[in-house]
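Since the structure comes first, as structure tokens, the remarks are kept for the end.
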Amino acid sequence: MIATETDILAAAERWRRDGRPVALATVIETWGSAPRPVGSHLVIDQEGNFLGSVSGGCVEGAVITEALEVIEAGQPRVIAFGVADATAWEVGLSCGGRIRIFLERID
Amino acid sequence: MLAETLALLNAERAARRAAILVTDIAEGHQRLVREAEIAADPLADTLRAHLAAGRSGLAVADGRELFLTVQVPPVRLVVIGAVHISQALAPMAACLDLAVTVIDPRQAFATPERFPGVPLVAEWPEAALAGPVPPLDRYCAVAALTHDPKIDDPALSAALRAGCVYVGALGSRKTHAARVERLAAAGFTPDEIARIQAPIGLDLGAVSPAEIALSILAQIVATLRRDRIKAAP
């Protein structure tokens with residue numbers, strides 16, 4: 001019941017109101033010892049500024065790159081990361097966990 | 001997500017009401033379900049279960065994969081007693097993102113010098129909770145630390161009536177036994193009274209005020225995260 005993720009959503013609204021194109025990343029599923037729980041948020045703007053986290057810093061860089069595409073294209077997408085996942089990028093989670101992330105643009 | 005949906009979600013949070021954002025993962029379609037709207041929702045049972053656990057997560061309905069973003073209000077910690085333990089408790093609680101208010105009618109205790117930067121209300125609990133401090137709700141934790149029934153009891157009664165998620169009271173087992181009798185005489189049921197954590201705090205063998213503050217916060221975290229605690233082997 002601890003609700004700290006909501007400050008990220010407040011920032012997302014503020015950024016959007018300031019006219020900045022914004023994407024929101026949300027951890028929707030984890031396996032193993034993923035560093036951040038389901039529901040964790042990362043908010044990203046067009047310049048690559050970000051707030052919050054979806055991992056302990058392992059995959060944020062890759063999520064931000066994808067987020068910039070989502071800001072451009074507007075279509076939400078689901079991305080997955082994990083050391084055992086062949087479709088994952090070069091980055092992975094050193095802890096051995098896997099995560100799935102929902103990325104969407106704030107319209 | 002529509003900016004309006006995000007604004008609504010944040011508005012519910014600001015009003016200290018729970019809400020659930022339902023997202024269709026494949027399509028990106030979303031709808032916001034406010035706490036009061038859950039009963040009438042087609043996914044009522046699922047939404048209620050997620051809300052009760054305070055956990056976001058995936059669900060499947062009509063073959064569609066949905067993500068439920070569960071938003072519950074941030075927990076407030078109301079401390080009764082501007083005592084030595086509270087001086088350690090207030091800054092430690094702030095580190096845990098708990099919004100702290102300290103209430104103590106004794107002017108000598110409730111001084112800004114003793115509590116720099118901490119919201120402090122030098123009133124009796126009933127007066128404080130009827131005025132300067134927002135009313136208690138389910139998303140409040142209350143720690144009664146004065147050792148004085150005249151101050152602690154009214155706050156504990158208010159906390160039980162409001163269904164606060166955590167209610168703790170300082171004092172020995174003997175002190176608590178007397179407190180139980182008083183609350184029973186005031187009309188509280190044994191189940192209600194049993195919600196009070198007393199003696200307060202996880203048993204860490206704490207001695208110093210800061211250690212006792214730590215044990216109280218540990219107990220609050222254990223309460224808020226109880227669905228994640230693994231059963232003893």
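All residue names refer to the structure tokens as shown: chains lettered A, B, ... in order, residues numbered from 1 in each chain, ligands numbered from 1 in order.
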Which of stretch 33-226 of chain B end up as strand (DSSP E or B) when DSSP is run on this backbone - answer as a VMD selection string? chain B and resid 33 to 34 57 to 61 64 to 71 76 to 80 99 to 103 120 to 121 140 to 144 166 to 169 196 to 197
Just the selected residues (N, CA and C atoms), exported as a short mmCIF file (atom, residue, chain, number, x, y, z; two decimals), in the first residue's frame, please.
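Produced file out.cif, reproduced below:
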```
data_model
loop_
_atom_site.label_atom_id
_atom_site.label_comp_id
_atom_site.auth_asym_id
_atom_site.auth_seq_id
_atom_site.Cartn_x
_atom_site.Cartn_y
_atom_site.Cartn_z
N VAL B 33 -11.15 3.70 -13.27
CA VAL B 33 -12.25 3.31 -12.39
C VAL B 33 -11.97 3.88 -11.01
N ARG B 34 -12.82 4.80 -10.57
CA ARG B 34 -12.65 5.37 -9.24
C ARG B 34 -13.16 4.36 -8.21
N GLY B 57 -1.11 -5.01 -11.35
CA GLY B 57 -0.79 -6.30 -11.94
C GLY B 57 -1.63 -6.60 -13.16
N LEU B 58 -1.29 -7.72 -13.81
CA LEU B 58 -1.99 -8.15 -15.02
C LEU B 58 -3.26 -8.90 -14.68
N ALA B 59 -4.22 -8.81 -15.58
CA ALA B 59 -5.45 -9.60 -15.45
C ALA B 59 -5.91 -9.92 -16.86
N VAL B 60 -6.70 -10.97 -17.00
CA VAL B 60 -7.23 -11.32 -18.32
C VAL B 60 -8.75 -11.28 -18.24
N ALA B 61 -9.37 -10.59 -19.21
CA ALA B 61 -10.83 -10.54 -19.28
C ALA B 61 -11.25 -10.63 -20.74
N ARG B 64 -8.64 -10.69 -23.35
CA ARG B 64 -7.77 -9.53 -23.52
C ARG B 64 -6.85 -9.43 -22.31
N GLU B 65 -5.57 -9.12 -22.58
CA GLU B 65 -4.64 -8.94 -21.48
C GLU B 65 -4.73 -7.49 -21.00
N LEU B 66 -5.01 -7.34 -19.71
CA LEU B 66 -5.19 -6.01 -19.13
C LEU B 66 -4.13 -5.76 -18.06
N PHE B 67 -3.71 -4.51 -17.95
CA PHE B 67 -2.85 -4.15 -16.82
C PHE B 67 -3.63 -3.20 -15.92
N LEU B 68 -3.64 -3.53 -14.63
CA LEU B 68 -4.36 -2.71 -13.66
C LEU B 68 -3.35 -1.89 -12.85
N THR B 69 -3.36 -0.59 -13.07
CA THR B 69 -2.51 0.29 -12.28
C THR B 69 -3.31 0.70 -11.05
N VAL B 70 -2.94 0.14 -9.92
CA VAL B 70 -3.68 0.41 -8.68
C VAL B 70 -3.03 1.59 -7.97
N GLN B 71 -3.81 2.62 -7.75
CA GLN B 71 -3.28 3.79 -7.05
C GLN B 71 -4.00 3.98 -5.73
N ARG B 76 -0.14 8.58 5.40
CA ARG B 76 0.23 9.63 6.34
C ARG B 76 0.49 9.01 7.70
N LEU B 77 1.50 9.51 8.38
CA LEU B 77 1.79 9.04 9.74
C LEU B 77 1.45 10.16 10.71
N VAL B 78 0.50 9.89 11.60
CA VAL B 78 0.12 10.86 12.62
C VAL B 78 0.70 10.37 13.95
N VAL B 79 1.59 11.16 14.52
CA VAL B 79 2.26 10.79 15.76
C VAL B 79 1.64 11.60 16.89
N ILE B 80 1.18 10.89 17.92
CA ILE B 80 0.63 11.57 19.09
C ILE B 80 1.73 11.60 20.15
N ALA B 99 4.20 11.00 5.05
CA ALA B 99 3.97 12.39 5.44
C ALA B 99 3.64 12.41 6.93
N VAL B 100 4.46 13.07 7.73
CA VAL B 100 4.34 13.00 9.18
C VAL B 100 3.71 14.27 9.75
N THR B 101 2.83 14.09 10.71
CA THR B 101 2.34 15.20 11.54
C THR B 101 2.48 14.78 12.99
N VAL B 102 2.97 15.68 13.83
CA VAL B 102 3.09 15.40 15.26
C VAL B 102 2.08 16.25 16.02
N ILE B 103 1.31 15.58 16.87
CA ILE B 103 0.29 16.28 17.66
C ILE B 103 0.61 16.12 19.15
N LEU B 120 3.75 20.40 13.12
CA LEU B 120 3.56 20.20 14.55
C LEU B 120 2.28 20.90 14.95
N VAL B 121 1.41 20.21 15.68
CA VAL B 121 0.15 20.83 16.10
C VAL B 121 0.04 20.74 17.61
N CYS B 140 -4.02 6.08 6.80
CA CYS B 140 -3.22 6.74 7.85
C CYS B 140 -2.65 5.69 8.79
N ALA B 141 -1.45 5.97 9.29
CA ALA B 141 -0.87 5.20 10.38
C ALA B 141 -0.83 6.12 11.59
N VAL B 142 -1.22 5.59 12.74
CA VAL B 142 -1.26 6.41 13.95
C VAL B 142 -0.39 5.75 15.02
N ALA B 143 0.53 6.52 15.58
CA ALA B 143 1.38 6.02 16.65
C ALA B 143 1.16 6.90 17.88
N ALA B 144 0.63 6.31 18.95
CA ALA B 144 0.35 7.06 20.18
C ALA B 144 1.50 6.84 21.14
N TYR B 166 -2.75 1.32 10.22
CA TYR B 166 -1.85 0.93 11.32
C TYR B 166 -2.18 1.77 12.54
N VAL B 167 -2.29 1.09 13.68
CA VAL B 167 -2.53 1.79 14.94
C VAL B 167 -1.59 1.17 15.98
N GLY B 168 -0.73 1.97 16.55
CA GLY B 168 0.20 1.45 17.55
C GLY B 168 0.21 2.34 18.78
N ALA B 169 0.50 1.73 19.92
CA ALA B 169 0.50 2.50 21.17
C ALA B 169 1.68 2.07 22.04
N ILE B 196 -4.85 -2.69 17.64
CA ILE B 196 -3.78 -1.83 18.19
C ILE B 196 -2.52 -2.66 18.42
N GLN B 197 -1.42 -2.22 17.84
CA GLN B 197 -0.13 -2.86 18.06
C GLN B 197 0.43 -2.33 19.38
#
```
Should the cut-off be 8 Å, what would the residue list for chain B against chain A look like, counting only C-alpha atoms, as a PyMOL selection string? chain B and resi 1-3+6-7+10+13+25-28+53-58+67+69-75+97+224-225
Quick one: everything within 10 Å of B:Arg48, counting only C-alpha atoms, minus sequence neighbours fewer than 5 positions away in the same chain. Send it as number ranges by chain. B: 20, 35, 38-39, 43, 53-54
Restrict the selected residues to N, CA and C atoms and save them as a PDB file, in the first residue's frame.
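Saved as out.pdb:
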```pdb
ATOM      1  N   ILE B  20      -8.247   2.874  -9.993  1.00  0.00           N
ATOM      2  CA  ILE B  20      -7.539   1.860 -10.775  1.00  0.00           C
ATOM      3  C   ILE B  20      -7.632   2.232 -12.251  1.00  0.00           C
ATOM      4  N   GLU B  35     -12.671   4.519  -6.966  1.00  0.00           N
ATOM      5  CA  GLU B  35     -13.021   3.576  -5.897  1.00  0.00           C
ATOM      6  C   GLU B  35     -14.544   3.400  -5.810  1.00  0.00           C
ATOM      7  N   ILE B  38     -16.202   1.013  -8.496  1.00  0.00           N
ATOM      8  CA  ILE B  38     -15.767  -0.376  -8.643  1.00  0.00           C
ATOM      9  C   ILE B  38     -16.948  -1.348  -8.599  1.00  0.00           C
ATOM     10  N   ALA B  39     -17.871  -1.122  -7.659  1.00  0.00           N
ATOM     11  CA  ALA B  39     -18.975  -2.064  -7.466  1.00  0.00           C
ATOM     12  C   ALA B  39     -19.771  -2.261  -8.756  1.00  0.00           C
ATOM     13  N   LEU B  43     -15.600  -5.692 -14.068  1.00  0.00           N
ATOM     14  CA  LEU B  43     -14.460  -6.401 -13.475  1.00  0.00           C
ATOM     15  C   LEU B  43     -14.405  -6.225 -11.957  1.00  0.00           C
ATOM     16  N   ALA B  53      -5.220  -5.617  -1.987  1.00  0.00           N
ATOM     17  CA  ALA B  53      -3.799  -5.918  -1.817  1.00  0.00           C
ATOM     18  C   ALA B  53      -2.946  -4.682  -2.085  1.00  0.00           C
ATOM     19  N   GLY B  54      -3.557  -3.652  -2.675  1.00  0.00           N
ATOM     20  CA  GLY B  54      -2.805  -2.445  -3.000  1.00  0.00           C
ATOM     21  C   GLY B  54      -1.749  -2.691  -4.064  1.00  0.00           C
TER      22      GLY B  54
END
```
Env of B:Glu123: 10 Å cut, atoms = only C-alpha atoms, seq-sep filter 6 positions within chain, self excluded. Answer as a list in words. Ile103, Asp104, Pro105, Arg106, Gln107, Ala110, Leu129, Gly131, Pro132 and Ile151 of chain B
So that I can check the secondary structure, give me every residue of chain A assigned alpha helix (DSSP H) by backbone DSSP, as a list of chain:residue names.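 Here is the list: A:Thr6, A:Asp7, A:Ile8, A:Leu9, A:Ala10, A:Ala11, A:Ala12, A:Glu13, A:Arg14, A:Trp15, A:Arg16, A:Arg17, A:Glu60, A:Gly61, A:Ala62, A:Val63, A:Ile64, A:Thr65, A:Glu66, A:Ala67, A:Leu68, A:Glu69, A:Val70, A:Ile71, A:Glu72, A:Ala73.
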Store the residues of this selection in a file with N, CA and C atoms, as an mmCIF file, in the first residue's frame.
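As written to disk, selection_1.cif reads:
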```cif
data_model
loop_
_atom_site.group_PDB
_atom_site.id
_atom_site.type_symbol
_atom_site.label_atom_id
_atom_site.label_comp_id
_atom_site.auth_asym_id
_atom_site.auth_seq_id
_atom_site.Cartn_x
_atom_site.Cartn_y
_atom_site.Cartn_z
ATOM 1 N N THR A 6 3.266 7.543 -7.514
ATOM 2 C CA THR A 6 2.332 8.561 -7.977
ATOM 3 C C THR A 6 3.000 9.916 -8.179
ATOM 4 N N ASP A 7 4.131 10.156 -7.483
ATOM 5 C CA ASP A 7 4.838 11.413 -7.718
ATOM 6 C C ASP A 7 5.351 11.479 -9.153
ATOM 7 N N ILE A 8 5.676 10.334 -9.698
ATOM 8 C CA ILE A 8 6.143 10.260 -11.087
ATOM 9 C C ILE A 8 5.002 10.670 -12.016
ATOM 10 N N LEU A 9 3.789 10.190 -11.693
ATOM 11 C CA LEU A 9 2.632 10.535 -12.527
ATOM 12 C C LEU A 9 2.311 12.023 -12.428
ATOM 13 N N ALA A 10 2.532 12.594 -11.248
ATOM 14 C CA ALA A 10 2.323 14.038 -11.100
ATOM 15 C C ALA A 10 3.313 14.794 -11.982
ATOM 16 N N ALA A 11 4.549 14.306 -12.025
ATOM 17 C CA ALA A 11 5.567 14.946 -12.869
ATOM 18 C C ALA A 11 5.189 14.807 -14.344
ATOM 19 N N ALA A 12 4.682 13.624 -14.723
ATOM 20 C CA ALA A 12 4.282 13.396 -16.120
ATOM 21 C C ALA A 12 3.218 14.400 -16.536
ATOM 22 N N GLU A 13 2.256 14.627 -15.632
ATOM 23 C CA GLU A 13 1.186 15.584 -15.956
ATOM 24 C C GLU A 13 1.751 17.001 -16.084
ATOM 25 N N ARG A 14 2.659 17.344 -15.173
ATOM 26 C CA ARG A 14 3.263 18.679 -15.180
ATOM 27 C C ARG A 14 4.058 18.902 -16.468
ATOM 28 N N TRP A 15 4.869 17.924 -16.824
ATOM 29 C CA TRP A 15 5.685 18.027 -18.046
ATOM 30 C C TRP A 15 4.785 18.202 -19.257
ATOM 31 N N ARG A 16 3.706 17.416 -19.312
ATOM 32 C CA ARG A 16 2.801 17.459 -20.463
ATOM 33 C C ARG A 16 2.139 18.833 -20.535
ATOM 34 N N ARG A 17 1.737 19.340 -19.358
ATOM 35 C CA ARG A 17 1.076 20.647 -19.327
ATOM 36 C C ARG A 17 2.035 21.751 -19.774
ATOM 37 N N GLU A 60 17.283 1.258 -18.207
ATOM 38 C CA GLU A 60 16.673 2.569 -18.428
ATOM 39 C C GLU A 60 17.104 3.181 -19.762
ATOM 40 N N GLY A 61 18.392 3.044 -20.082
ATOM 41 C CA GLY A 61 18.902 3.625 -21.321
ATOM 42 C C GLY A 61 18.131 3.123 -22.529
ATOM 43 N N ALA A 62 17.921 1.808 -22.587
ATOM 44 C CA ALA A 62 17.205 1.207 -23.705
ATOM 45 C C ALA A 62 15.734 1.612 -23.706
ATOM 46 N N VAL A 63 15.141 1.711 -22.512
ATOM 47 C CA VAL A 63 13.728 2.107 -22.419
ATOM 48 C C VAL A 63 13.568 3.539 -22.927
ATOM 49 N N ILE A 64 14.520 4.386 -22.607
ATOM 50 C CA ILE A 64 14.445 5.783 -23.054
ATOM 51 C C ILE A 64 14.527 5.858 -24.576
ATOM 52 N N THR A 65 15.410 5.060 -25.184
ATOM 53 C CA THR A 65 15.518 5.026 -26.643
ATOM 54 C C THR A 65 14.185 4.631 -27.272
ATOM 55 N N GLU A 66 13.556 3.578 -26.726
ATOM 56 C CA GLU A 66 12.247 3.127 -27.224
ATOM 57 C C GLU A 66 11.179 4.192 -26.987
ATOM 58 N N ALA A 67 11.302 4.867 -25.844
ATOM 59 C CA ALA A 67 10.304 5.875 -25.492
ATOM 60 C C ALA A 67 10.314 7.011 -26.506
ATOM 61 N N LEU A 68 11.493 7.371 -26.971
ATOM 62 C CA LEU A 68 11.587 8.450 -27.959
ATOM 63 C C LEU A 68 10.854 8.048 -29.242
ATOM 64 N N GLU A 69 10.930 6.760 -29.599
ATOM 65 C CA GLU A 69 10.200 6.269 -30.776
ATOM 66 C C GLU A 69 8.697 6.316 -30.543
ATOM 67 N N VAL A 70 8.295 5.955 -29.329
ATOM 68 C CA VAL A 70 6.865 5.967 -29.000
ATOM 69 C C VAL A 70 6.331 7.408 -29.016
ATOM 70 N N ILE A 71 7.146 8.338 -28.527
ATOM 71 C CA ILE A 71 6.744 9.753 -28.559
ATOM 72 C C ILE A 71 6.533 10.180 -30.017
ATOM 73 N N GLU A 72 7.391 9.702 -30.897
ATOM 74 C CA GLU A 72 7.332 10.034 -32.318
ATOM 75 C C GLU A 72 6.115 9.384 -32.984
ATOM 76 N N ALA A 73 5.952 8.073 -32.763
ATOM 77 C CA ALA A 73 4.941 7.303 -33.496
ATOM 78 C C ALA A 73 3.561 7.345 -32.838
#
```
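Our summary of the geometry notes that atom CA of B:Pro125 is positioned 20.0 Å from atom CA of B:Ile216.
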